file start.cif (mmCIF, C-alpha atoms (C1' of nucleotides))
data_structure
loop_
_atom_site.label_atom_id
_atom_site.label_comp_id
_atom_site.auth_asym_id
_atom_site.auth_seq_id
_atom_site.Cartn_x
_atom_site.Cartn_y
_atom_site.Cartn_z
CA MET Y 1 -52.83 97.29 -6.95
CA ASP Y 2 -56.32 97.83 -8.36
CA ASN Y 3 -59.45 98.66 -6.38
CA LYS Y 4 -60.79 95.12 -6.55
CA LYS Y 5 -57.64 93.91 -4.82
CA ILE Y 6 -57.88 96.68 -2.21
CA GLU Y 7 -61.49 95.63 -1.61
CA LYS Y 8 -60.50 92.00 -1.20
CA ILE Y 9 -57.71 92.71 1.27
CA SER Y 10 -59.91 95.12 3.22
CA ARG Y 11 -62.62 92.49 3.47
CA ALA Y 12 -60.10 89.95 4.69
CA LEU Y 13 -59.14 92.44 7.40
CA SER Y 14 -62.74 93.17 8.39
CA ASP Y 15 -63.13 90.48 11.02
CA THR Y 16 -61.68 90.43 14.53
CA SER Y 17 -60.81 86.72 14.31
CA ARG Y 18 -58.73 87.30 11.20
CA ILE Y 19 -57.10 90.38 12.69
CA ALA Y 20 -56.19 88.29 15.75
CA ILE Y 21 -54.62 85.66 13.49
CA LEU Y 22 -52.43 88.25 11.80
CA GLN Y 23 -51.44 89.80 15.11
CA GLU Y 24 -50.34 86.40 16.38
CA PHE Y 25 -47.43 86.49 13.96
CA LYS Y 26 -45.84 89.21 16.10
CA LYS Y 27 -45.65 86.79 19.03
CA LYS Y 28 -44.22 83.97 16.95
CA LYS Y 29 -40.89 84.30 15.24
CA ASP Y 30 -41.77 83.91 11.57
CA CYS Y 31 -44.53 81.43 10.93
CA LEU Y 32 -47.75 80.11 12.41
CA TYR Y 33 -49.10 76.59 12.22
CA CYS Y 34 -52.70 75.92 11.36
CA ALA Y 35 -53.11 73.96 14.59
CA GLU Y 36 -51.86 76.97 16.56
CA VAL Y 37 -54.58 79.09 14.97
CA ASN Y 38 -57.19 76.53 15.98
CA ASP Y 39 -55.98 76.83 19.57
CA LEU Y 40 -55.90 80.60 19.40
CA LEU Y 41 -59.51 81.14 18.36
CA ASP Y 42 -62.64 80.05 20.18
CA LEU Y 43 -64.17 78.67 17.02
CA THR Y 44 -64.65 75.24 15.49
CA GLN Y 45 -62.02 73.88 13.14
CA PRO Y 46 -64.09 74.43 9.97
CA SER Y 47 -64.67 78.07 10.92
CA VAL Y 48 -60.97 78.64 11.45
CA SER Y 49 -60.26 76.93 8.14
CA HIS Y 50 -62.71 79.33 6.48
CA HIS Y 51 -61.01 82.38 8.00
CA LEU Y 52 -57.56 81.17 7.00
CA LYS Y 53 -58.81 80.59 3.48
CA GLN Y 54 -59.90 84.21 3.19
CA LEU Y 55 -56.51 85.44 4.37
CA VAL Y 56 -54.80 83.14 1.86
CA ASP Y 57 -57.18 84.18 -0.95
CA ALA Y 58 -56.33 87.81 -0.21
CA GLU Y 59 -52.66 86.73 -0.33
CA LEU Y 60 -52.05 88.14 3.15
CA LEU Y 61 -50.90 84.67 4.19
CA LEU Y 62 -48.72 82.28 2.22
CA PRO Y 63 -49.40 78.60 3.00
CA GLN Y 64 -46.68 75.99 3.09
CA LYS Y 65 -47.43 72.32 3.46
CA GLU Y 66 -45.26 70.33 5.84
CA GLY Y 67 -46.40 66.77 5.70
CA ARG Y 68 -49.75 66.61 7.46
CA ASN Y 69 -49.31 70.09 8.84
CA LEU Y 70 -49.76 73.46 7.25
CA LYS Y 71 -47.79 76.49 8.19
CA TYR Y 72 -48.36 80.08 7.17
CA VAL Y 73 -46.07 83.02 6.72
CA LEU Y 74 -47.19 86.62 6.58
CA ASN Y 75 -46.91 88.12 3.09
CA GLN Y 76 -45.20 91.36 3.99
CA GLN Y 77 -44.96 92.44 0.38
CA ILE Y 78 -48.71 92.50 -0.25
CA LEU Y 79 -49.23 94.15 3.12
CA ASN Y 80 -46.76 96.85 2.11
CA GLU Y 81 -48.50 97.35 -1.22
CA TYR Y 82 -51.84 97.71 0.56
CA ILE Y 83 -50.37 100.23 2.99
CA ASP Y 84 -48.92 102.16 0.06
CA CYS Y 85 -52.39 102.42 -1.48
CA LEU Y 86 -53.78 103.78 1.77
CA ASN Y 87 -50.97 106.30 2.02
CA ASP Y 88 -51.80 107.37 -1.53
CA LEU Y 89 -55.24 108.45 -0.34
CA LYS Y 90 -53.65 111.23 1.67
CA ASP Y 91 -52.65 114.69 0.46
CA MET F 1 -56.92 101.54 18.17
CA ASP F 2 -58.63 98.30 19.19
CA ASN F 3 -59.47 95.39 16.91
CA LYS F 4 -63.15 96.33 16.72
CA LYS F 5 -62.14 99.67 15.28
CA ILE F 6 -59.71 98.07 12.83
CA GLU F 7 -62.54 95.76 11.77
CA LYS F 8 -64.90 98.69 11.24
CA ILE F 9 -62.45 100.71 9.16
CA SER F 10 -61.50 97.64 7.12
CA ARG F 11 -65.16 96.95 6.40
CA ALA F 12 -65.66 100.56 5.32
CA LEU F 13 -62.77 100.06 2.91
CA SER F 14 -64.10 96.76 1.55
CA ASP F 15 -66.20 98.16 -1.27
CA THR F 16 -65.02 99.59 -4.58
CA SER F 17 -67.58 102.42 -4.50
CA ARG F 18 -66.30 103.59 -1.13
CA ILE F 19 -62.68 103.23 -2.24
CA ALA F 20 -63.52 105.37 -5.29
CA ILE F 21 -65.02 108.03 -3.02
CA LEU F 22 -61.87 108.20 -0.93
CA GLN F 23 -59.65 108.33 -4.01
CA GLU F 24 -61.67 111.27 -5.35
CA PHE F 25 -60.23 113.44 -2.58
CA LYS F 26 -56.86 113.32 -4.36
CA LYS F 27 -58.38 115.04 -7.39
CA LYS F 28 -60.13 117.71 -5.34
CA LYS F 29 -58.15 120.14 -3.27
CA ASP F 30 -59.36 119.45 0.25
CA CYS F 31 -63.05 118.55 0.46
CA LEU F 32 -65.78 116.76 -1.45
CA TYR F 33 -69.44 117.68 -1.61
CA CYS F 34 -72.14 115.06 -1.22
CA ALA F 35 -73.61 116.08 -4.58
CA GLU F 36 -70.21 115.50 -6.23
CA VAL F 37 -70.20 111.96 -4.87
CA ASN F 38 -73.66 111.38 -6.31
CA ASP F 39 -72.32 112.42 -9.71
CA LEU F 40 -69.21 110.29 -9.31
CA LEU F 41 -70.93 106.97 -8.68
CA ASP F 42 -73.37 105.16 -10.92
CA LEU F 43 -75.75 104.52 -8.05
CA THR F 44 -78.98 106.03 -6.78
CA GLN F 45 -78.87 108.81 -4.21
CA PRO F 46 -79.98 106.55 -1.31
CA SER F 47 -77.21 104.06 -2.11
CA VAL F 48 -74.59 106.78 -2.17
CA SER F 49 -75.96 108.12 1.11
CA HIS F 50 -75.57 104.65 2.60
CA HIS F 51 -71.94 104.38 1.49
CA LEU F 52 -71.08 107.81 2.80
CA LYS F 53 -72.68 106.90 6.12
CA GLN F 54 -70.38 103.93 6.48
CA LEU F 55 -67.32 106.05 5.80
CA VAL F 56 -68.52 108.60 8.35
CA ASP F 57 -69.36 105.89 10.90
CA ALA F 58 -65.83 104.55 10.50
CA GLU F 59 -64.64 108.15 10.98
CA LEU F 60 -62.74 108.07 7.70
CA LEU F 61 -64.80 111.07 6.58
CA LEU F 62 -65.74 114.10 8.65
CA PRO F 63 -69.05 115.69 7.58
CA GLN F 64 -69.63 119.43 7.66
CA LYS F 65 -73.02 120.96 7.01
CA GLU F 66 -73.13 124.01 4.80
CA GLY F 67 -76.72 125.12 4.59
CA ARG F 68 -78.54 122.60 2.44
CA ASN F 69 -75.30 121.03 1.32
CA LEU F 70 -72.97 118.63 3.03
CA LYS F 71 -69.26 118.53 2.52
CA TYR F 72 -66.76 115.97 3.67
CA VAL F 73 -63.12 116.12 4.56
CA LEU F 74 -60.83 113.12 4.77
CA ASN F 75 -59.86 112.26 8.34
CA GLN F 76 -56.14 111.84 7.84
CA GLN F 77 -55.54 111.20 11.52
CA ILE F 78 -57.69 108.06 11.71
CA LEU F 79 -56.25 106.90 8.41
CA ASN F 80 -52.77 107.29 9.86
CA GLU F 81 -53.74 105.38 12.99
CA TYR F 82 -55.13 102.57 10.86
CA ILE F 83 -51.97 102.46 8.76
CA ASP F 84 -49.90 102.36 11.96
CA CYS F 85 -51.84 99.28 13.09
CA LEU F 86 -51.16 97.57 9.79
CA ASN F 87 -47.48 98.42 10.02
CA ASP F 88 -47.48 96.92 13.50
CA LEU F 89 -48.42 93.58 12.01
CA LYS F 90 -45.02 93.39 10.39
CA ASP F 91 -41.83 92.11 12.09
"C1'" DT B 1 -95.86 130.65 3.45
"C1'" DA B 2 -95.14 127.68 -0.46
"C1'" DC B 3 -91.85 125.52 -3.27
"C1'" DA B 4 -87.62 123.46 -4.74
"C1'" DT B 5 -83.19 121.33 -3.63
"C1'" DA B 6 -80.17 118.40 -0.81
"C1'" DT B 7 -79.77 114.62 2.02
"C1'" DA B 8 -81.58 110.83 5.03
"C1'" DT B 9 -84.56 106.99 6.25
"C1'" DC B 10 -87.68 103.06 5.47
"C1'" DG B 11 -88.97 98.68 3.42
"C1'" DA B 12 -87.93 95.01 0.70
"C1'" DA B 13 -85.36 92.06 -2.60
"C1'" DA B 14 -81.06 89.98 -3.82
"C1'" DC B 15 -76.91 88.48 -2.39
"C1'" DA B 16 -72.85 87.54 0.76
"C1'" DT B 17 -70.82 86.22 5.25
"C1'" DT B 18 -70.31 83.67 9.51
"C1'" DT B 19 -70.78 79.67 11.95
"C1'" DA B 20 -71.36 74.78 13.20
"C1'" DA B 21 -72.30 69.82 12.39
"C1'" DA B 22 -71.28 66.22 9.46
"C1'" DT B 23 -68.32 64.33 6.33
"C1'" DA B 24 -64.37 64.00 3.15
"C1'" DT B 25 -59.49 64.22 1.99
"C1'" DT B 26 -54.63 63.97 2.82
"C1'" DT B 27 -50.79 62.08 4.94
"C1'" DG B 28 -47.83 60.08 8.52
"C1'" DA B 29 -47.27 56.12 11.59
"C1'" DA B 30 -48.15 51.42 13.41
"C1'" DT C 1 -52.65 48.14 4.73
"C1'" DT C 2 -55.06 50.08 8.53
"C1'" DC C 3 -55.56 53.70 11.71
"C1'" DA C 4 -55.19 58.27 13.55
"C1'" DA C 5 -54.26 63.18 13.02
"C1'" DA C 6 -54.55 67.51 10.33
"C1'" DT C 7 -57.02 70.13 7.27
"C1'" DA C 8 -60.78 71.00 3.79
"C1'" DT C 9 -65.46 70.79 1.96
"C1'" DT C 10 -70.50 70.51 2.07
"C1'" DT C 11 -74.89 71.88 3.85
"C1'" DA C 12 -77.80 74.75 6.20
"C1'" DA C 13 -79.25 78.37 9.48
"C1'" DA C 14 -78.69 82.93 11.06
"C1'" DT C 15 -77.26 87.32 10.13
"C1'" DG C 16 -75.38 91.23 7.52
"C1'" DT C 17 -74.74 93.98 3.14
"C1'" DT C 18 -76.01 96.24 -1.09
"C1'" DT C 19 -79.26 98.28 -3.81
"C1'" DC C 20 -83.46 100.62 -5.22
"C1'" DG C 21 -88.06 102.91 -5.02
"C1'" DA C 22 -90.78 105.55 -2.17
"C1'" DT C 23 -90.98 108.80 1.17
"C1'" DA C 24 -89.39 111.88 4.87
"C1'" DT C 25 -86.72 115.72 6.68
"C1'" DA C 26 -84.09 119.96 6.49
"C1'" DT C 27 -83.08 124.24 4.56
"C1'" DG C 28 -82.58 127.99 1.19
"C1'" DT C 29 -85.43 130.91 -1.99
"C1'" DA C 30 -89.43 133.13 -4.30
#
call {"tool": "encode", "arguments": {"input": "start.cif", "output": "structure tokens"}}
result
Amino acid sequence: MDNKKIEKISRALSDTSRIAILQEFKKKKDCLYCAEVNDLLDLTQPSVSHHLKQLVDAELLLPQKEGRNLKYVLNQQILNEYIDCLNDLKD
Amino acid sequence: MDNKKIEKISRALSDTSRIAILQEFKKKKDCLYCAEVNDLLDLTQPSVSHHLKQLVDAELLLPQKEGRNLKYVLNQQILNEYIDCLNDLKD
DNA sequence: TACATATATCGAAACATTTAAATATTTGAA
DNA sequence: TTCAAATATTTAAATGTTTCGATATATGTA
């Protein structure tokens, strides 16, 4: 993972709304629906859409269309790669 | 570590210059001098000072004055706490 | 004390981010 | 086909970030 990618993921993580979205996955079993995120945050629908887009662009979330609905799964692989880079900073 | 702190550390990490500073610690034994960071980056001294300030404000770097010079050590503890929070997002 | 070196702060320009209102697109259902 | 629901895009305002030049502050040295 190059530094531009680390920068992009870090920026996606640098907002409490987006952190809250990611944390919500712990409470759900495996996926989160777009509509659930709208309910979770005290923001308008376009703002939530904007935040979700940044998480998807950083590849932290993988979107899956289900008819009219959109569900997301957490991309554990990219999260692991990011954590590995941070661990590399040590020692 | 609360979400505001995660946000702050993430923001500190969301810039390739600051990532490069942190990575430079791997090449040095244990600390990095301010002047070395000025040499490392292709930026003016005030810009480098600004970046270092953000890393210090996020507590990723611990500053130590040595006469006229300033040296930094990597705060491995806060980095570990941040990594723990990211690991918590999984499963 | 006077000077030089190291670092920080200020002020401003350029650019990016966050947010909401309005509107558009996509898709399922009547 | 028409309507309603879910999500995305556009536009614009407010705010924050990055960078530099100029200048200030702190501290070691002659």
call {"tool": "resolve_selection", "arguments": {"input": "start.cif", "expression": "the PyMOL selection byres ((chain Y) within 9 of (chain F))", "output": "ChimeraX atom specification"}}
result
/Y:3-4,6-16,19-20,22-26,29-30,74,76,79-80,83,86-91
call {"tool": "resolve_selection", "arguments": {"input": "start.cif", "expression": "the PyMOL selection byres ((chain Y) within 12 of (chain C))", "output": "PDB file with C-alpha atoms, keeping the file's coordinate frame"}}
result
ATOM      1  CA  TYR Y  33     -49.100  76.590  12.220  1.00  0.00           C
ATOM      2  CA  CYS Y  34     -52.700  75.920  11.360  1.00  0.00           C
ATOM      3  CA  ALA Y  35     -53.110  73.960  14.590  1.00  0.00           C
ATOM      4  CA  GLU Y  36     -51.860  76.970  16.560  1.00  0.00           C
ATOM      5  CA  ASN Y  38     -57.190  76.530  15.980  1.00  0.00           C
ATOM      6  CA  GLN Y  45     -62.020  73.880  13.140  1.00  0.00           C
ATOM      7  CA  PRO Y  46     -64.090  74.430   9.970  1.00  0.00           C
ATOM      8  CA  SER Y  47     -64.670  78.070  10.920  1.00  0.00           C
ATOM      9  CA  VAL Y  48     -60.970  78.640  11.450  1.00  0.00           C
ATOM     10  CA  SER Y  49     -60.260  76.930   8.140  1.00  0.00           C
ATOM     11  CA  HIS Y  50     -62.710  79.330   6.480  1.00  0.00           C
ATOM     12  CA  LEU Y  52     -57.560  81.170   7.000  1.00  0.00           C
ATOM     13  CA  LYS Y  53     -58.810  80.590   3.480  1.00  0.00           C
ATOM     14  CA  LYS Y  65     -47.430  72.320   3.460  1.00  0.00           C
ATOM     15  CA  GLU Y  66     -45.260  70.330   5.840  1.00  0.00           C
ATOM     16  CA  GLY Y  67     -46.400  66.770   5.700  1.00  0.00           C
ATOM     17  CA  ARG Y  68     -49.750  66.610   7.460  1.00  0.00           C
ATOM     18  CA  ASN Y  69     -49.310  70.090   8.840  1.00  0.00           C
ATOM     19  CA  LEU Y  70     -49.760  73.460   7.250  1.00  0.00           C
ATOM     20  CA  LYS Y  71     -47.790  76.490   8.190  1.00  0.00           C
TER      21      LYS Y  71
END
call {"tool": "atom_distance", "arguments": {"input": "start.cif", "atom1": "CA of Glu81 in chain F", "atom2": "CA of Glu59 in chain F"}}
result
11.4 Å
call {"tool": "resolve_selection", "arguments": {"input": "start.cif", "expression": "the PyMOL selection byres ((chain B) within 10 of (chain Y))", "output": "list in words"}}
result
DT18, DT19, DA20, DA21, DT26, DT27 and DG28 of chain B
call {"tool": "write_last_selection", "arguments": {"input": "start.cif", "atoms": "C-alpha atoms (C1' of nucleotides)", "output": "PDB file, in the coordinates of the input"}}
result
ATOM      1  C1'  DT B  18     -70.310  83.670   9.510  1.00  0.00           C
ATOM      2  C1'  DT B  19     -70.780  79.670  11.950  1.00  0.00           C
ATOM      3  C1'  DA B  20     -71.360  74.780  13.200  1.00  0.00           C
ATOM      4  C1'  DA B  21     -72.300  69.820  12.390  1.00  0.00           C
ATOM      5  C1'  DT B  26     -54.630  63.970   2.820  1.00  0.00           C
ATOM      6  C1'  DT B  27     -50.790  62.080   4.940  1.00  0.00           C
ATOM      7  C1'  DG B  28     -47.830  60.080   8.520  1.00  0.00           C
TER       8       DG B  28
END
call {"tool": "atom_distance", "arguments": {"input": "start.cif", "atom1": "CA of Val73 in chain F", "atom2": "CA of Leu61 in chain F"}}
result
5.7 Å
call {"tool": "build_atoms", "arguments": {"input": "start.cif", "residues": "range 75-89 of chain F", "atoms": "N, CA, C and O atoms", "output": "PDB file, in the coordinates of the input"}}
result
ATOM      1  N   ASN F  75     -60.445 112.262   7.003  1.00  0.00           N
ATOM      2  CA  ASN F  75     -59.860 112.260   8.340  1.00  0.00           C
ATOM      3  C   ASN F  75     -58.489 111.584   8.285  1.00  0.00           C
ATOM      4  O   ASN F  75     -58.370 110.373   8.472  1.00  0.00           O
ATOM      5  N   GLN F  76     -57.481 112.401   8.022  1.00  0.00           N
ATOM      6  CA  GLN F  76     -56.140 111.840   7.840  1.00  0.00           C
ATOM      7  C   GLN F  76     -55.608 111.218   9.115  1.00  0.00           C
ATOM      8  O   GLN F  76     -54.821 110.271   9.082  1.00  0.00           O
ATOM      9  N   GLN F  77     -56.055 111.742  10.255  1.00  0.00           N
ATOM     10  CA  GLN F  77     -55.540 111.200  11.520  1.00  0.00           C
ATOM     11  C   GLN F  77     -55.947 109.740  11.719  1.00  0.00           C
ATOM     12  O   GLN F  77     -55.116 108.893  12.047  1.00  0.00           O
ATOM     13  N   ILE F  78     -57.249 109.444  11.494  1.00  0.00           N
ATOM     14  CA  ILE F  78     -57.690 108.060  11.710  1.00  0.00           C
ATOM     15  C   ILE F  78     -57.083 107.138  10.651  1.00  0.00           C
ATOM     16  O   ILE F  78     -56.784 105.969  10.931  1.00  0.00           O
ATOM     17  N   LEU F  79     -56.891 107.680   9.464  1.00  0.00           N
ATOM     18  CA  LEU F  79     -56.250 106.900   8.410  1.00  0.00           C
ATOM     19  C   LEU F  79     -54.813 106.566   8.811  1.00  0.00           C
ATOM     20  O   LEU F  79     -54.352 105.429   8.645  1.00  0.00           O
ATOM     21  N   ASN F  80     -54.131 107.539   9.394  1.00  0.00           N
ATOM     22  CA  ASN F  80     -52.770 107.290   9.860  1.00  0.00           C
ATOM     23  C   ASN F  80     -52.734 106.260  10.986  1.00  0.00           C
ATOM     24  O   ASN F  80     -51.857 105.393  11.010  1.00  0.00           O
ATOM     25  N   GLU F  81     -53.701 106.354  11.888  1.00  0.00           N
ATOM     26  CA  GLU F  81     -53.740 105.380  12.990  1.00  0.00           C
ATOM     27  C   GLU F  81     -53.971 103.972  12.462  1.00  0.00           C
ATOM     28  O   GLU F  81     -53.386 103.003  12.953  1.00  0.00           O
ATOM     29  N   TYR F  82     -54.844 103.877  11.469  1.00  0.00           N
ATOM     30  CA  TYR F  82     -55.130 102.570  10.860  1.00  0.00           C
ATOM     31  C   TYR F  82     -53.873 102.019  10.174  1.00  0.00           C
ATOM     32  O   TYR F  82     -53.521 100.851  10.358  1.00  0.00           O
ATOM     33  N   ILE F  83     -53.205 102.874   9.429  1.00  0.00           N
ATOM     34  CA  ILE F  83     -51.970 102.460   8.760  1.00  0.00           C
ATOM     35  C   ILE F  83     -50.919 102.029   9.784  1.00  0.00           C
ATOM     36  O   ILE F  83     -50.210 101.034   9.587  1.00  0.00           O
ATOM     37  N   ASP F  84     -50.844 102.741  10.898  1.00  0.00           N
ATOM     38  CA  ASP F  84     -49.900 102.360  11.960  1.00  0.00           C
ATOM     39  C   ASP F  84     -50.194 100.941  12.460  1.00  0.00           C
ATOM     40  O   ASP F  84     -49.278 100.153  12.709  1.00  0.00           O
ATOM     41  N   CYS F  85     -51.467 100.620  12.635  1.00  0.00           N
ATOM     42  CA  CYS F  85     -51.840  99.280  13.090  1.00  0.00           C
ATOM     43  C   CYS F  85     -51.417  98.220  12.091  1.00  0.00           C
ATOM     44  O   CYS F  85     -50.969  97.131  12.474  1.00  0.00           O
ATOM     45  N   LEU F  86     -51.565  98.533  10.812  1.00  0.00           N
ATOM     46  CA  LEU F  86     -51.160  97.570   9.790  1.00  0.00           C
ATOM     47  C   LEU F  86     -49.641  97.413   9.779  1.00  0.00           C
ATOM     48  O   LEU F  86     -49.132  96.295   9.637  1.00  0.00           O
ATOM     49  N   ASN F  87     -48.938  98.512   9.954  1.00  0.00           N
ATOM     50  CA  ASN F  87     -47.480  98.420  10.020  1.00  0.00           C
ATOM     51  C   ASN F  87     -47.032  97.605  11.229  1.00  0.00           C
ATOM     52  O   ASN F  87     -46.017  96.912  11.179  1.00  0.00           O
ATOM     53  N   ASP F  88     -47.801  97.687  12.299  1.00  0.00           N
ATOM     54  CA  ASP F  88     -47.480  96.920  13.500  1.00  0.00           C
ATOM     55  C   ASP F  88     -47.554  95.418  13.282  1.00  0.00           C
ATOM     56  O   ASP F  88     -46.975  94.649  14.056  1.00  0.00           O
ATOM     57  N   LEU F  89     -48.303  95.013  12.276  1.00  0.00           N
ATOM     58  CA  LEU F  89     -48.420  93.580  12.010  1.00  0.00           C
ATOM     59  C   LEU F  89     -47.081  93.003  11.540  1.00  0.00           C
ATOM     60  O   LEU F  89     -46.819  91.810  11.701  1.00  0.00           O
TER      61      LEU F  89
END
